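Student: Take a look at structure.txt, compact mmCIF, C-alpha atoms:
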```txt
# COMPACT_ATOMS: atom_id res chain seq x y z
CA CYS A 1 -18.23 36.42 -52.35
CA LYS A 2 -17.90 32.71 -53.14
CA PHE A 3 -21.68 32.25 -53.07
CA GLY A 4 -22.26 34.85 -55.80
CA LEU A 5 -25.94 35.15 -56.72
CA ARG A 6 -26.89 32.68 -53.97
CA CYS A 7 -25.50 34.82 -51.15
CA PHE A 8 -28.06 35.76 -48.50
CA ARG A 9 -25.84 37.71 -46.09
CA ARG A 10 -26.69 41.39 -45.74
CA SER A 11 -24.52 42.61 -42.89
CA GLU A 12 -22.50 45.77 -43.47
CA GLU A 13 -19.33 43.82 -42.62
CA HIS A 14 -19.96 41.24 -45.33
CA ILE A 15 -20.98 43.79 -47.95
CA ALA A 16 -17.89 45.88 -47.24
CA GLU A 17 -15.53 42.88 -47.50
CA PHE A 18 -16.99 40.98 -50.47
CA ALA A 19 -18.21 41.97 -53.93
CA HIS A 20 -21.39 40.45 -55.38
CA PRO A 21 -22.91 40.35 -58.89
CA GLY A 22 -24.52 43.71 -59.54
CA ASP A 23 -22.22 45.66 -57.18
CA LYS A 24 -20.38 48.60 -58.69
CA ASP A 25 -16.98 47.09 -57.80
CA TYR A 26 -17.83 43.67 -59.25
CA ARG A 27 -15.53 44.16 -62.24
CA ARG A 28 -12.78 42.28 -64.05
CA GLY A 29 -9.44 42.76 -62.31
CA LYS A 30 -11.04 44.19 -59.16
CA VAL A 31 -12.36 40.94 -57.67
CA VAL A 32 -10.56 37.70 -56.82
CA PHE A 33 -12.36 34.38 -57.33
CA GLU A 34 -11.65 31.24 -55.35
CA ASP A 35 -10.43 28.20 -57.27
CA GLY A 36 -13.16 26.92 -59.57
CA ALA A 37 -15.42 29.96 -59.09
CA GLU A 38 -16.60 31.89 -62.13
CA PRO A 39 -18.25 35.32 -62.49
CA GLN A 40 -22.05 35.18 -62.32
CA PHE A 41 -24.58 37.49 -63.90
CA GLU A 42 -28.34 37.88 -64.01
CA THR A 43 -28.38 40.52 -66.76
CA LEU A 44 -26.39 41.74 -69.76
CA ARG A 45 -25.88 45.04 -67.95
CA GLN A 46 -24.05 43.25 -65.12
CA LEU A 47 -21.87 41.33 -67.59
CA PHE A 48 -21.07 44.49 -69.56
CA ASP A 49 -20.07 46.41 -66.41
CA PHE A 50 -17.91 43.51 -65.24
CA CYS A 51 -15.92 43.70 -68.50
CA ASP A 52 -15.55 47.48 -68.20
CA PRO A 53 -13.10 47.64 -65.26
CA LEU A 54 -12.21 51.33 -65.69
CA GLU A 55 -15.90 52.32 -65.82
CA HIS A 56 -15.69 54.02 -69.21
CA GLY A 57 -19.31 53.12 -69.86
CA ASN A 58 -18.16 51.59 -73.17
CA PHE A 59 -15.86 48.86 -74.42
CA VAL A 60 -12.88 50.91 -75.57
CA SER A 61 -10.73 47.99 -76.68
CA LYS A 62 -11.03 44.52 -78.18
CA GLU A 63 -9.71 43.16 -74.88
CA ASP A 64 -12.87 44.36 -73.12
CA LEU A 65 -15.05 42.81 -75.81
CA GLN A 66 -13.03 39.56 -75.82
CA SER A 67 -13.61 39.09 -72.08
CA ALA A 68 -17.34 39.66 -72.61
CA LEU A 69 -17.52 37.12 -75.45
CA HIS A 70 -15.82 34.51 -73.28
CA LEU A 71 -18.42 35.00 -70.55
CA LEU A 72 -21.35 35.09 -72.99
CA SER A 73 -20.70 31.52 -74.12
CA GLN A 74 -22.41 30.08 -71.02
CA TYR A 75 -25.54 32.20 -71.61
CA ARG A 76 -25.84 31.58 -75.34
CA GLU A 77 -28.19 29.12 -76.99
CA GLY A 78 -26.18 26.62 -78.97
CA GLY A 79 -22.90 27.68 -77.37
CA GLY A 80 -19.86 28.00 -79.55
CA ALA A 81 -17.09 30.56 -79.50
CA LEU A 82 -17.67 34.04 -80.90
CA ASP A 83 -14.94 35.68 -82.99
CA VAL A 84 -13.84 38.97 -81.42
CA GLY A 85 -12.67 40.44 -84.72
CA ARG A 86 -15.99 39.85 -86.44
CA ALA A 87 -17.95 41.00 -83.39
CA TRP A 88 -15.88 44.21 -83.17
CA ARG A 89 -16.66 44.95 -86.82
CA ASP A 90 -20.34 44.08 -86.47
CA LEU A 91 -20.57 46.44 -83.50
CA GLU A 92 -18.81 49.20 -85.51
CA GLY A 93 -15.87 49.29 -83.12
CA ASP A 94 -13.49 49.95 -86.02
CA CYS A 95 -15.18 53.19 -87.05
CA ASN A 96 -16.24 54.41 -83.58
CA ASP A 97 -13.24 53.19 -81.52
CA PHE A 98 -15.67 51.96 -78.86
CA VAL A 99 -18.76 49.79 -78.37
CA GLY A 100 -21.67 51.11 -76.31
CA PHE A 101 -23.99 49.06 -74.15
CA ALA A 102 -27.18 49.57 -76.20
CA LYS A 103 -25.56 48.28 -79.38
CA PHE A 104 -23.88 45.42 -77.49
CA ALA A 105 -27.18 44.33 -75.89
CA ALA A 106 -29.05 44.29 -79.21
CA TRP A 107 -26.23 42.34 -80.87
CA ALA A 108 -26.05 39.82 -78.00
CA GLN A 109 -29.72 38.97 -78.39
CA ARG A 110 -29.27 38.50 -82.14
CA VAL A 111 -26.56 35.87 -81.56
CA GLY A 112 -28.72 33.90 -79.14
CA VAL A 113 -27.81 35.22 -75.68
CA PHE A 114 -30.77 34.66 -73.36
CA LEU A 115 -29.78 37.01 -70.52
CA PRO A 116 -32.26 39.87 -69.96
CA VAL A 117 -30.98 43.35 -70.75
CA GLY A 118 -31.22 44.54 -67.16
CA VAL A 119 -32.10 48.19 -67.77
CA ASP A 120 -35.24 49.58 -66.18
CA VAL A 121 -36.77 53.00 -66.67
CA SER A 122 -38.13 52.92 -63.17
CA LEU A 123 -38.79 50.37 -60.45
CA GLY A 124 -42.31 51.58 -59.75
CA PRO A 125 -44.63 50.20 -57.06
CA CYS A 126 -44.56 46.44 -56.63
CA GLU A 127 -47.83 45.88 -58.49
CA HIS A 128 -46.49 47.59 -61.64
CA ASN A 129 -43.39 45.49 -62.39
CA ASN A 130 -42.74 41.82 -63.13
CA LEU A 131 -39.29 41.60 -61.55
CA SER A 132 -39.42 38.36 -59.60
CA CYS A 133 -36.70 37.32 -57.17
CA GLY A 134 -34.21 34.70 -58.34
CA PHE A 135 -32.73 33.85 -54.94
CA GLU A 136 -32.48 30.11 -54.26
CA PHE A 137 -32.42 28.69 -50.74
CA PRO A 138 -30.07 25.83 -49.76
CA ASP A 139 -32.90 23.31 -50.25
CA GLY A 140 -33.32 24.42 -53.88
CA SER A 141 -36.56 26.32 -53.38
CA ARG A 142 -36.89 29.82 -54.81
CA CYS A 143 -37.95 33.02 -53.08
CA SER A 144 -41.71 33.55 -53.49
CA CYS A 145 -41.36 37.28 -54.28
CA ARG A 146 -42.93 38.05 -57.70
CA HIS A 147 -42.59 41.85 -57.81
CA PHE A 148 -39.65 43.96 -56.68
CA SER A 149 -40.66 46.49 -54.04
CA ALA A 150 -37.90 48.59 -52.49
CA SER A 151 -37.70 48.36 -48.71
CA GLU A 152 -37.93 51.60 -46.77
CA GLY A 153 -35.70 52.55 -43.86
CA ASP A 154 -33.64 49.94 -42.04
CA ALA A 155 -33.61 46.34 -43.22
CA ALA A 156 -33.96 43.17 -41.17
CA VAL A 157 -30.82 41.03 -41.33
CA LEU A 158 -30.13 37.58 -39.91
CA TYR A 159 -26.65 37.99 -38.40
CA ALA A 160 -24.96 35.23 -36.39
CA GLY A 161 -28.34 33.66 -35.71
CA GLU A 162 -29.85 36.92 -34.46
CA LEU A 163 -32.31 39.15 -36.34
CA ARG A 164 -30.91 42.68 -36.41
CA ARG A 165 -31.81 46.00 -38.00
CA THR A 166 -29.21 47.57 -40.27
CA ARG A 167 -28.99 50.50 -42.63
CA SER A 168 -27.47 49.50 -46.00
CA LYS A 169 -26.35 51.57 -48.98
CA LEU A 170 -27.57 48.82 -51.33
CA LEU A 171 -31.12 48.68 -52.67
CA PHE A 172 -33.04 45.76 -51.19
CA CYS A 173 -36.52 44.41 -51.82
CA LYS A 174 -39.04 43.88 -49.04
CA CYS A 175 -38.45 40.14 -49.52
CA GLY A 176 -34.96 40.70 -48.09
CA HIS A 177 -32.89 40.21 -51.25
CA LYS A 178 -30.91 42.67 -53.34
CA ARG A 179 -32.26 44.52 -56.40
CA SER A 180 -29.74 42.65 -58.59
CA MET A 181 -31.49 39.36 -57.74
CA HIS A 182 -34.72 40.53 -59.42
CA ALA A 183 -35.48 40.20 -63.13
CA GLU A 184 -38.32 39.23 -65.47
CA ARG A 185 -38.52 35.42 -65.58
CA GLU A 186 -40.35 32.59 -67.24
CA GLY A 187 -42.45 30.17 -65.25
CA GLY A 188 -39.46 27.89 -64.72
CA GLY A 189 -37.49 30.65 -63.07
CA ARG A 190 -35.00 31.42 -65.86
CA SER A 191 -34.62 35.06 -66.85
CA VAL A 192 -36.61 35.80 -69.98
CA ARG A 193 -34.68 36.39 -73.17
CA SER A 194 -36.52 39.48 -74.37
CA SER A 195 -36.68 41.41 -71.10
CA MET A 196 -36.41 45.10 -71.86
CA ALA A 197 -37.16 48.32 -70.03
CA PRO A 198 -40.82 48.48 -68.92
CA VAL A 199 -43.19 50.51 -71.08
CA PRO A 200 -43.77 54.00 -69.57
CA ARG A 201 -47.18 54.24 -67.95
CA HIS A 202 -48.15 57.38 -69.86
CA TRP A 203 -48.05 55.49 -73.18
CA PRO A 204 -51.64 54.76 -74.30
CA PRO A 205 -52.43 51.02 -74.46
CA ASP A 206 -53.95 51.30 -77.95
CA ALA A 207 -50.82 52.75 -79.59
CA ALA A 208 -50.09 49.55 -81.50
CA ASP A 209 -48.46 51.36 -84.43
CA GLY A 210 -45.86 52.91 -82.14
CA GLN A 211 -46.92 56.53 -82.75
CA ALA A 212 -49.27 58.96 -81.07
CA PHE A 213 -50.22 62.54 -81.99
CA LEU A 214 -49.85 64.77 -78.95
CA GLY A 215 -52.55 67.32 -79.77
CA GLU A 216 -52.86 71.02 -80.56
CA ALA A 217 -51.53 72.26 -77.21
CA VAL A 218 -48.22 70.43 -77.67
CA THR A 219 -48.01 71.55 -81.30
CA ALA A 220 -48.38 75.16 -80.16
CA ARG A 221 -45.57 74.76 -77.64
CA PHE A 222 -43.25 73.33 -80.29
CA GLN A 223 -44.19 76.19 -82.63
CA GLN A 224 -43.13 78.61 -79.91
CA LEU A 225 -39.85 76.72 -79.55
CA PHE A 226 -39.12 77.00 -83.30
CA ASP A 227 -40.08 80.70 -83.37
CA ARG A 228 -37.87 81.64 -80.42
CA THR A 229 -34.79 79.65 -81.53
CA HIS A 230 -34.83 80.46 -85.26
CA LYS A 231 -32.05 82.86 -86.26
CA ALA A 232 -33.59 85.94 -87.86
CA THR A 233 -30.47 87.66 -89.25
CA GLU A 234 -27.25 86.43 -90.92
CA ASN A 235 -29.06 83.16 -91.39
CA TRP A 236 -27.15 81.07 -93.91
CA THR A 237 -25.23 77.81 -94.17
CA ARG A 238 -22.10 77.22 -96.21
CA ASP A 239 -23.16 73.70 -97.26
CA ARG A 240 -25.94 75.23 -99.44
CA GLY A 241 -23.30 76.83 -101.66
CA CYS A 242 -23.87 80.26 -103.19
CA ALA A 243 -26.59 81.83 -105.30
CA LEU A 244 -24.28 82.09 -108.36
CA HIS A 245 -22.38 78.81 -108.51
CA GLY A 246 -24.14 76.39 -106.21
CA THR A 247 -21.63 74.18 -104.37
CA SER A 248 -18.94 74.25 -107.06
CA CYS A 249 -17.32 77.54 -106.01
CA PHE A 250 -15.66 76.36 -102.79
CA SER A 251 -12.32 75.30 -104.27
CA SER A 252 -11.63 78.56 -106.14
CA ASP A 253 -13.13 81.07 -103.71
CA PRO A 254 -14.13 79.92 -100.22
CA MET A 255 -15.83 83.28 -99.48
CA CYS A 256 -18.06 83.17 -102.55
CA ALA A 257 -20.86 81.46 -100.63
CA TYR A 258 -20.75 84.18 -97.99
CA ARG A 259 -20.91 87.06 -100.48
CA HIS A 260 -23.71 85.47 -102.53
CA LYS A 261 -25.75 83.69 -99.89
CA CYS A 262 -28.45 81.23 -100.83
CA GLU A 263 -31.82 81.96 -99.34
CA VAL A 264 -32.81 79.83 -96.37
CA PRO A 265 -36.23 79.46 -94.73
CA SER A 266 -37.34 82.52 -92.81
CA GLY A 267 -39.21 80.33 -90.37
CA TYR A 268 -41.00 77.03 -89.88
CA ARG A 269 -44.62 76.02 -89.26
CA VAL A 270 -45.16 73.01 -87.00
CA VAL A 271 -48.09 70.98 -88.32
CA GLY A 272 -48.03 68.21 -85.74
CA VAL A 273 -46.02 66.50 -83.02
CA MET A 274 -45.89 62.74 -82.57
CA ARG A 275 -44.40 60.53 -79.86
CA ASN A 276 -42.42 57.53 -81.11
CA MET A 277 -43.20 54.47 -78.96
CA ASN A 278 -41.23 51.28 -79.62
```
Could you write out this structure as structure tokens?
Tutor:
Amino acid sequence: CKFGLRCFRRSEEHIAEFAHPGDKDYRRGKVVFEDGAEPQFETLRQLFDFCDPLEHGNFVSKEDLQSALHLLSQYREGGGALDVGRAWRDLEGDCNDFVGFAKFAAWAQRVGVFLPVGVDVSLGPCEHNNLSCGFEFPDGSRCSCRHFSASEGDAAVLYAGELRRTRSKLLFCKCGHKRSMHAEREGGGRSVRSSMAPVPRHWPPDAADGQAFLGEAVTARFQQLFDRTHKATENWTRDRGCALHGTSCFSSDPMCAYRHKCEVPSGYRVVGVMRNMN
């Protein structure tokens, strides 16, 4: 769609004919842009998916990463071109043969990209998220919606001057705009730089150190897990070596470690279980 993020049309005919930022088929090589039009993104997740045309879920080549770096330049503080070779090495593409989204998102923020990550654990009721709508009307004013709240059932759509009801496969907010238009924003309307997934509601508010002990009941359940999954017989590992020669016997007699097994723990006692929260 030539209007990109500013599109307000929600008819099934329009959605079926045109791709929009955030749509699954809004990907490099799958969409055609009119002269002068450029891809638009509200989040790093959208940009990453756009540069992953075969939907691997990762960048599996430098070509994928190169297309992402080209697009990142307009969302990066200070601008400037990013070297694909250096970025590929920094993201450990050489040793892994791919670059995942989590590592890409963390790296992008380190080099000054101000797009929000765009990954949410859950949408939650409208009063529990800060995903404001970024839709801009033709007069320049912004939608007044401050919290995304998924619409239920059919949606109201202005079609050819007439208000109609339609059932859409896309997720829309009660304000009438798509989920992809909503993100955490600063007062001026720009997406915040450090937007991450919302903190789960079951995390205690006073867990400032990022850890929480889960109590005796949880410890007992983990003890049961260790007891039931621990191997009671033929319990040995080759990497411990053997009781006679340690780890130096492998080259001369690979079976030595099996015949003279090193003792391994007969069980484990769980002393506590903590939740990591960061």
Student: Tell me which of A:Trp236, A:Val271, A:Pro254, A:Lys261 sits closest to Glu216 in chain A, counting all atoms listed in the file.
Tutor: A:Val271
Student: Of the candidates A:Leu65, A:Cys143, A:Val32, A:Val273, which shows the shortest atom-to-atom distance to Leu47 in chain A, using only C-alpha atoms?
Tutor: A:Leu65
Student: With distances taken over all atoms listed in the file, which of A:Ala102, A:Pro21, A:Arg10, A:Asp49 is nearest to Phe172 in chain A?
Tutor: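 Result for the nearest residue to Phe172 in chain A: A:Arg10.
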Student: Can you list, as a list in words, every protein, DNA or RNA residue that comes within 8 Å of Gln223 in chain A when you count all atoms listed in the file, leaving out same-chain residues fewer than 6 positions away?
Tutor: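 Skipping anything fewer than 6 positions along the chain leaves Tyr268, Arg269 and Val270 of chain A.
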Student: Find the distance between CA of Asp52 in chain A and CA of Ser67 in chain A and write it in Å to one decimal.
Tutor: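 We find that CA of Asp52 in chain A and CA of Ser67 in chain A lie 9.4 Å from each other.
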Student: Interatomic distance between CA of Phe213 in chain A and CA of Asn276 in chain A?
Tutor: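 About the pair CA of Phe213 in chain A and CA of Asn276 in chain A: they are 9.3 Å apart.
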Student: Measure the distance from CA of Ser266 in chain A to CA of Cys249 in chain A in Å and round it to one decimal.
Tutor: 24.5 Å
Student: Counting only C-alpha atoms, which of A:Val111, A:Leu5, A:Val60, A:Leu72 gets nearest to Asn96 in chain A?
Tutor: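 Of all the options, A:Val60 lies closest to Asn96 in chain A.
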Student: Using only C-alpha atoms, which residue out of A:Met274, A:Lys2, A:Lys24, A:Ile15 lies closest to Leu214 in chain A?
Tutor: A:Met274
Student: Compare A:Cys51, A:Ala106, A:Ala81, A:Val218 by their minimum atom-to-atom distance to Pro39 in chain A, counting all atoms listed in the file, and give me the closest one.
Tutor: A:Cys51
